[in-house]
Number of protein chains: 2
Amino acid sequence: MSSEEEQARPSESRRKLVRAGTTVDQMVRAISDRIVTGGMHPGEKLDEASLADRYKVSRTPVREALNRLSAMGLVERRPNRGAIVAVVSRAHLASMFESMAELEAICARFCAERMTEQERRTLEIEHRAAAELVAREAEADYELFNSDFHTRLYRGAHSPHMCELASQTRRRLAPFRRAQFRFDGRLQKSWREHDRIVQSILARDAAAAGSAARDHLTVVGAASVIFVNDDVIATNS
Amino acid sequence: MSSEEEQARPSESRRKLVRAGTTVDQMVRAISDRIVTGGMHPGEKLDEASLADRYKVSRTPVREALNRLSAMGLVERRPNRGAIVAVVSRAHLASMFESMAELEAICARFCAERMTEQERRTLEIEHRAAAELVAREAEADYELFNSDFHTRLYRGAHSPHMCELASQTRRRLAPFRRAQFRFDGRLQKSWREHDRIVQSILARDAAAAGSAARDHLTVVGAASVIFVNDDVIATNS
DNA sequence: TCGGCATAAACTGCATGCAAATGCCGAATG
DNA sequence: CATTCGGCATTTGCATGCAGTTTATGCCGA
């Protein structure tokens, strides 16, 4: 696999044309992309100097990026001994999915109780519109919609901190959710599960919304943990 | 107020005698201490150069410390515009306490279902022992026990990630929970609330444990938010 | 007197250099 | 032959310097 598309950027791109600002941000994206897309395996060493000259920047922004990634849980930093790609055990991964399910359950409950009329309308409209993506089997687009859907759920809970926790956990799970929609019929199943959540929210049935969201995530989690078993964790050293 | 006890350290202390290793760690502790103990007010500017020469280090470790504190949610970093002590609105603070309540409810539920016999025994024994602290009105000691109690709850859930989320949120709330036990009779109330949680867990009644934990935190949160209203938030600029 | 613009000061972000820490390898010793 | 100690190489951690960006100040015109 030629995953080297980011490597030898023409040096003029240092601060022009590249989407978002600061060099550190770029490094965070570059490194996390490589980890997320499987370009680096858990346990692999991330040496500052190598990364620095691989991306043609100095060690300082690399350091900062590694720190941020460490805060995000994607890499592990050992004092004086460098950083490695975070090793997540199957148990820990399962725990993350479990937590995600619980967090979304809470958000869904809050949504049922607290969403404004406006938010409910938007939620329903967007959800209905997504049915078309399912029919077309537009996986990439659906994945995008899916992301929005969940974000909407976090926002609708009207609890900034809960939203933050959920988003954070979701980001951290991203690497392991990649092939989620590759499973046959997963698109349609996902939509139906969403439907159950949406209907419960619209009916203001908090308990039902909670269970629906929990079940939805539990299914996704199980699928992903199985997936990971064969593909990522097995290669951890 | 002479809160300048940390300022002009003899320079030899750079890497000797100071408890834990790296300069960055010291900076993190120093700055977070000042924020947590009210030495700095929300919104106040944290200028790298000033901090650097206040603590007689270079800007680099200060930068790293600010980044970590930003990840912890204690300071806010604006690109190219420096860092300020995080401003938490009353709404956001309430949201944090609410989330904390939900997280602990989940942990308590899991504890009821998953704790080992050993863990249950320890939980009960420690809890019983704390009754003595209540009788003696040993506030400081009880506060210590209280911290352990909650940590035990997070651990007992047997979900590493949930434990992490709970601990993280708890740390972040620390600044606002300071005077929690100053309220009259709070010690005894706290113990009785703990008792309800413990009994539910020992009875393996997940639902009851969840509600008990949620109620416990909801009370604490309400008290602290009120407290904050008069003391911290009002002085934010 | 007030608003807009240009210049200057201040501060952040990145690069580079140096010192301390860790890990490795070989040699000496029990 | 195994173990431990010391030097060497690599790598992290911190200091400092420079460049770009933001913010403050002052000047000019209306």
# chains A, B, ... in the order shown; residues from 1 in each chain; ligands from 1
$ residues_around --residues "Glu124 of chain B" --least-positions-apart "2" --cutoff "12 Å" --atoms "only C-alpha atoms (C1' of nucleotides)" --output "list in words"
Met115, Glu117, Gln118, Glu119, Arg120, Arg121, Thr122, Glu126, His127, Arg128, Ala129, Ala130, Ala131, Phe149, Arg152, Leu153, His194, Asp195, Arg196, Ile197, Val198, Gln199, Ser200, Ile201, Leu202 and Ala203 of chain B
$ write_last_selection --atoms "C-alpha atoms" --output "PDB file, in the first residue's frame"
ATOM      1  CA  MET B 115     -17.509  -6.137  41.344  1.00  0.00           C
ATOM      2  CA  GLU B 117     -16.309 -10.474  46.071  1.00  0.00           C
ATOM      3  CA  GLN B 118     -12.988  -9.075  47.166  1.00  0.00           C
ATOM      4  CA  GLU B 119     -13.887  -5.599  45.899  1.00  0.00           C
ATOM      5  CA  ARG B 120     -17.271  -5.705  47.581  1.00  0.00           C
ATOM      6  CA  ARG B 121     -15.698  -6.632  50.878  1.00  0.00           C
ATOM      7  CA  THR B 122     -13.117  -3.870  50.656  1.00  0.00           C
ATOM      8  CA  GLU B 126     -13.634   1.079  54.044  1.00  0.00           C
ATOM      9  CA  HIS B 127     -17.080   2.595  54.032  1.00  0.00           C
ATOM     10  CA  ARG B 128     -17.766   1.334  57.566  1.00  0.00           C
ATOM     11  CA  ALA B 129     -14.421   2.665  58.732  1.00  0.00           C
ATOM     12  CA  ALA B 130     -15.305   6.110  57.395  1.00  0.00           C
ATOM     13  CA  ALA B 131     -18.236   6.316  59.800  1.00  0.00           C
ATOM     14  CA  PHE B 149     -14.350   5.967  47.653  1.00  0.00           C
ATOM     15  CA  ARG B 152     -12.997   2.687  44.038  1.00  0.00           C
ATOM     16  CA  LEU B 153     -16.348   3.151  42.347  1.00  0.00           C
ATOM     17  CA  HIS B 194     -22.590   6.689  50.253  1.00  0.00           C
ATOM     18  CA  ASP B 195     -24.316   4.140  52.400  1.00  0.00           C
ATOM     19  CA  ARG B 196     -27.254   3.970  50.031  1.00  0.00           C
ATOM     20  CA  ILE B 197     -24.856   3.410  47.137  1.00  0.00           C
ATOM     21  CA  VAL B 198     -22.876   0.754  48.958  1.00  0.00           C
ATOM     22  CA  GLN B 199     -25.941  -1.151  50.106  1.00  0.00           C
ATOM     23  CA  SER B 200     -27.373  -1.172  46.593  1.00  0.00           C
ATOM     24  CA  ILE B 201     -24.109  -2.428  45.160  1.00  0.00           C
ATOM     25  CA  LEU B 202     -23.808  -5.148  47.780  1.00  0.00           C
ATOM     26  CA  ALA B 203     -27.400  -6.136  47.033  1.00  0.00           C
TER      27      ALA B 203
END
$ closest_atom_pairs --of "chain D" --to "chain B" --cutoff "8 Å" --atoms "only C-alpha atoms (C1' of nucleotides)" --output "Markdown table"
| residue | atom | partner | partner_atom | distance |
| --- | --- | --- | --- | --- |
| D:DC14 | C1' | B:Thr60 | CA | 6.9 |
| D:DA15 | C1' | B:Ser58 | CA | 6.0 |
| D:DT21 | C1' | B:Asn80 | CA | 7.0 |
| D:DT22 | C1' | B:Arg81 | CA | 7.0 |
$ interface_residues --of "chain C" --to "chain A" --cutoff "12 Å" --atoms "only C-alpha atoms (C1' of nucleotides)" --output "PyMOL selection string"
chain C and resi 12-16+20-23
$ atom_distance --atom1 "atom CA of Ala71 of chain B" --atom2 "atom CA of Ile35 of chain A"
20.4 Å
$ closest_atom_pairs --of "chain A" --to "chain B" --cutoff "9 Å" --atoms "only C-alpha atoms" --output "tab-separated table"
residue	atom	partner	partner_atom	distance
A:Thr22	CA	B:Pro79	CA	8.2
A:Glu64	CA	B:Glu64	CA	7.3
A:Asn67	CA	B:Arg68	CA	7.9
A:Arg68	CA	B:Ala71	CA	7.7
A:Ala71	CA	B:Ala71	CA	6.5
A:Met72	CA	B:Ala71	CA	8.6
A:Pro79	CA	B:Thr22	CA	8.3
A:Ala91	CA	B:Ser159	CA	8.5
A:His92	CA	B:Pro160	CA	6.2
A:Leu93	CA	B:His161	CA	8.4
A:Ala94	CA	B:Ser159	CA	8.6
A:Ser95	CA	B:Ser159	CA	5.2
A:Met96	CA	B:His161	CA	5.4
A:Phe97	CA	B:His161	CA	8.9
A:Glu98	CA	B:Ser159	CA	8.1
A:Ser99	CA	B:Met162	CA	5.7
A:Met100	CA	B:Met162	CA	9.0
A:Glu102	CA	B:Ile106	CA	7.6
A:Leu103	CA	B:Leu103	CA	8.3
A:Ile106	CA	B:Glu102	CA	7.6
A:His158	CA	B:Ser95	CA	8.4
A:Ser159	CA	B:Ser95	CA	5.2
A:Pro160	CA	B:His92	CA	6.2
A:His161	CA	B:Met96	CA	5.4
A:Met162	CA	B:Ser99	CA	5.7
A:Leu165	CA	B:Leu165	CA	7.4
A:Thr169	CA	B:His161	CA	8.9
$ write_last_selection --atoms "C-alpha atoms" --output "PDB file, in the first residue's frame"
ATOM      1  CA  THR A  22      -0.556  26.025  12.353  1.00  0.00           C
ATOM      2  CA  GLU A  64       3.735  19.325  20.501  1.00  0.00           C
ATOM      3  CA  ASN A  67       1.732  15.580  23.228  1.00  0.00           C
ATOM      4  CA  ARG A  68      -1.661  16.390  21.813  1.00  0.00           C
ATOM      5  CA  ALA A  71      -3.808  13.631  25.342  1.00  0.00           C
ATOM      6  CA  MET A  72      -6.176  12.233  22.723  1.00  0.00           C
ATOM      7  CA  PRO A  79       9.193  10.110  29.920  1.00  0.00           C
ATOM      8  CA  ALA A  91     -10.504  -5.400  26.657  1.00  0.00           C
ATOM      9  CA  HIS A  92      -9.804  -1.681  26.591  1.00  0.00           C
ATOM     10  CA  LEU A  93     -11.348  -1.334  23.161  1.00  0.00           C
ATOM     11  CA  ALA A  94     -14.472  -3.154  24.254  1.00  0.00           C
ATOM     12  CA  SER A  95     -14.588  -0.849  27.245  1.00  0.00           C
ATOM     13  CA  MET A  96     -14.418   2.173  24.965  1.00  0.00           C
ATOM     14  CA  PHE A  97     -17.317   0.952  22.882  1.00  0.00           C
ATOM     15  CA  GLU A  98     -19.266   0.128  25.989  1.00  0.00           C
ATOM     16  CA  SER A  99     -18.652   3.623  27.339  1.00  0.00           C
ATOM     17  CA  MET A 100     -19.617   5.122  24.010  1.00  0.00           C
ATOM     18  CA  GLU A 102     -23.604   4.540  27.640  1.00  0.00           C
ATOM     19  CA  LEU A 103     -22.668   8.093  26.729  1.00  0.00           C
ATOM     20  CA  ILE A 106     -27.437   9.520  28.100  1.00  0.00           C
ATOM     21  CA  HIS A 158     -27.827  20.555  25.820  1.00  0.00           C
ATOM     22  CA  SER A 159     -24.980  19.531  28.051  1.00  0.00           C
ATOM     23  CA  PRO A 160     -21.696  20.954  26.806  1.00  0.00           C
ATOM     24  CA  HIS A 161     -19.570  18.678  28.906  1.00  0.00           C
ATOM     25  CA  MET A 162     -21.440  15.528  27.955  1.00  0.00           C
ATOM     26  CA  LEU A 165     -16.996  13.546  26.476  1.00  0.00           C
ATOM     27  CA  THR A 169     -14.625   9.149  22.892  1.00  0.00           C
TER      28      THR A 169
END
$ select_by_dssp --residues "segment 22-140 of chain A" --states "helix (DSSP H, G or I)" --output "MDAnalysis selection string"
chainID A and resid 23:36 48:54 59:72 90:114 117:136 139:140
$ write_last_selection --atoms "C-alpha atoms" --output "PDB file, in the first residue's frame"
ATOM      1  CA  THR A  23       2.166  23.529  11.613  1.00  0.00           C
ATOM      2  CA  VAL A  24       1.339  21.599  14.747  1.00  0.00           C
ATOM      3  CA  ASP A  25      -2.199  21.017  13.524  1.00  0.00           C
ATOM      4  CA  GLN A  26      -0.870  19.624  10.306  1.00  0.00           C
ATOM      5  CA  MET A  27       1.427  17.315  12.186  1.00  0.00           C
ATOM      6  CA  VAL A  28      -1.397  16.135  14.387  1.00  0.00           C
ATOM      7  CA  ARG A  29      -3.485  15.403  11.335  1.00  0.00           C
ATOM      8  CA  ALA A  30      -0.644  13.779   9.460  1.00  0.00           C
ATOM      9  CA  ILE A  31       0.379  11.502  12.282  1.00  0.00           C
ATOM     10  CA  SER A  32      -3.106  10.636  13.420  1.00  0.00           C
ATOM     11  CA  ASP A  33      -4.046   9.906   9.821  1.00  0.00           C
ATOM     12  CA  ARG A  34      -1.189   7.490   9.513  1.00  0.00           C
ATOM     13  CA  ILE A  35      -2.168   5.784  12.718  1.00  0.00           C
ATOM     14  CA  VAL A  36      -5.858   5.752  11.922  1.00  0.00           C
ATOM     15  CA  GLU A  48      10.831  12.866  17.046  1.00  0.00           C
ATOM     16  CA  ALA A  49      13.794  13.384  14.769  1.00  0.00           C
ATOM     17  CA  SER A  50      12.598  10.950  12.114  1.00  0.00           C
ATOM     18  CA  LEU A  51       9.115  12.420  12.031  1.00  0.00           C
ATOM     19  CA  ALA A  52      10.580  15.903  11.952  1.00  0.00           C
ATOM     20  CA  ASP A  53      12.636  15.328   8.879  1.00  0.00           C
ATOM     21  CA  ARG A  54      10.044  13.102   7.281  1.00  0.00           C
ATOM     22  CA  ARG A  59      11.311  18.791  16.229  1.00  0.00           C
ATOM     23  CA  THR A  60       9.348  21.365  18.200  1.00  0.00           C
ATOM     24  CA  PRO A  61       6.013  21.063  16.408  1.00  0.00           C
ATOM     25  CA  VAL A  62       6.436  17.294  16.276  1.00  0.00           C
ATOM     26  CA  ARG A  63       6.838  17.260  20.022  1.00  0.00           C
ATOM     27  CA  GLU A  64       3.735  19.325  20.501  1.00  0.00           C
ATOM     28  CA  ALA A  65       1.793  17.139  18.133  1.00  0.00           C
ATOM     29  CA  LEU A  66       2.850  14.016  19.995  1.00  0.00           C
ATOM     30  CA  ASN A  67       1.732  15.580  23.228  1.00  0.00           C
ATOM     31  CA  ARG A  68      -1.661  16.390  21.813  1.00  0.00           C
ATOM     32  CA  LEU A  69      -2.023  12.930  20.372  1.00  0.00           C
ATOM     33  CA  SER A  70      -1.072  11.558  23.734  1.00  0.00           C
ATOM     34  CA  ALA A  71      -3.808  13.631  25.342  1.00  0.00           C
ATOM     35  CA  MET A  72      -6.176  12.233  22.723  1.00  0.00           C
ATOM     36  CA  ARG A  90      -9.174  -5.880  23.153  1.00  0.00           C
ATOM     37  CA  ALA A  91     -10.504  -5.400  26.657  1.00  0.00           C
ATOM     38  CA  HIS A  92      -9.804  -1.681  26.591  1.00  0.00           C
ATOM     39  CA  LEU A  93     -11.348  -1.334  23.161  1.00  0.00           C
ATOM     40  CA  ALA A  94     -14.472  -3.154  24.254  1.00  0.00           C
ATOM     41  CA  SER A  95     -14.588  -0.849  27.245  1.00  0.00           C
ATOM     42  CA  MET A  96     -14.418   2.173  24.965  1.00  0.00           C
ATOM     43  CA  PHE A  97     -17.317   0.952  22.882  1.00  0.00           C
ATOM     44  CA  GLU A  98     -19.266   0.128  25.989  1.00  0.00           C
ATOM     45  CA  SER A  99     -18.652   3.623  27.339  1.00  0.00           C
ATOM     46  CA  MET A 100     -19.617   5.122  24.010  1.00  0.00           C
ATOM     47  CA  ALA A 101     -22.901   3.240  24.162  1.00  0.00           C
ATOM     48  CA  GLU A 102     -23.604   4.540  27.640  1.00  0.00           C
ATOM     49  CA  LEU A 103     -22.668   8.093  26.729  1.00  0.00           C
ATOM     50  CA  GLU A 104     -24.893   8.092  23.688  1.00  0.00           C
ATOM     51  CA  ALA A 105     -27.681   6.586  25.737  1.00  0.00           C
ATOM     52  CA  ILE A 106     -27.437   9.520  28.100  1.00  0.00           C
ATOM     53  CA  CYS A 107     -27.365  12.000  25.232  1.00  0.00           C
ATOM     54  CA  ALA A 108     -30.385  10.379  23.632  1.00  0.00           C
ATOM     55  CA  ARG A 109     -32.285  10.518  26.914  1.00  0.00           C
ATOM     56  CA  PHE A 110     -31.441  14.176  27.305  1.00  0.00           C
ATOM     57  CA  CYS A 111     -32.386  14.830  23.697  1.00  0.00           C
ATOM     58  CA  ALA A 112     -35.806  13.323  24.249  1.00  0.00           C
ATOM     59  CA  GLU A 113     -36.319  15.618  27.208  1.00  0.00           C
ATOM     60  CA  ARG A 114     -34.586  18.792  26.104  1.00  0.00           C
ATOM     61  CA  GLU A 117     -38.808  22.088  18.477  1.00  0.00           C
ATOM     62  CA  GLN A 118     -36.364  23.401  15.910  1.00  0.00           C
ATOM     63  CA  GLU A 119     -33.817  20.729  16.737  1.00  0.00           C
ATOM     64  CA  ARG A 120     -36.421  17.995  16.592  1.00  0.00           C
ATOM     65  CA  ARG A 121     -37.562  19.150  13.179  1.00  0.00           C
ATOM     66  CA  THR A 122     -34.024  19.262  11.834  1.00  0.00           C
ATOM     67  CA  LEU A 123     -33.214  15.868  13.283  1.00  0.00           C
ATOM     68  CA  GLU A 124     -36.235  14.314  11.614  1.00  0.00           C
ATOM     69  CA  ILE A 125     -35.693  15.998   8.287  1.00  0.00           C
ATOM     70  CA  GLU A 126     -32.040  15.026   8.067  1.00  0.00           C
ATOM     71  CA  HIS A 127     -32.812  11.516   9.148  1.00  0.00           C
ATOM     72  CA  ARG A 128     -35.516  11.174   6.482  1.00  0.00           C
ATOM     73  CA  ALA A 129     -33.169  12.535   3.867  1.00  0.00           C
ATOM     74  CA  ALA A 130     -30.623   9.896   4.757  1.00  0.00           C
ATOM     75  CA  ALA A 131     -33.026   7.170   3.724  1.00  0.00           C
ATOM     76  CA  GLU A 132     -32.210   8.125   0.185  1.00  0.00           C
ATOM     77  CA  LEU A 133     -28.511   7.517   0.787  1.00  0.00           C
ATOM     78  CA  VAL A 134     -29.321   4.071   2.085  1.00  0.00           C
ATOM     79  CA  ALA A 135     -31.345   3.309  -1.033  1.00  0.00           C
ATOM     80  CA  ARG A 136     -28.449   4.425  -3.199  1.00  0.00           C
ATOM     81  CA  GLU A 139     -21.549   4.406   1.805  1.00  0.00           C
ATOM     82  CA  ALA A 140     -19.195   7.353   1.970  1.00  0.00           C
TER      83      ALA A 140
END
$ select_by_dssp --residues "chain A" --states "strand (DSSP E)" --output "PyMOL selection string"
chain A and resi 45-46+75-77+83-85
$ closest_residue --among "D:DG7, D:DG13, D:DG20, D:DG29" --to "DG4 of chain C" --atoms "only C-alpha atoms (C1' of nucleotides)"
D:DG29
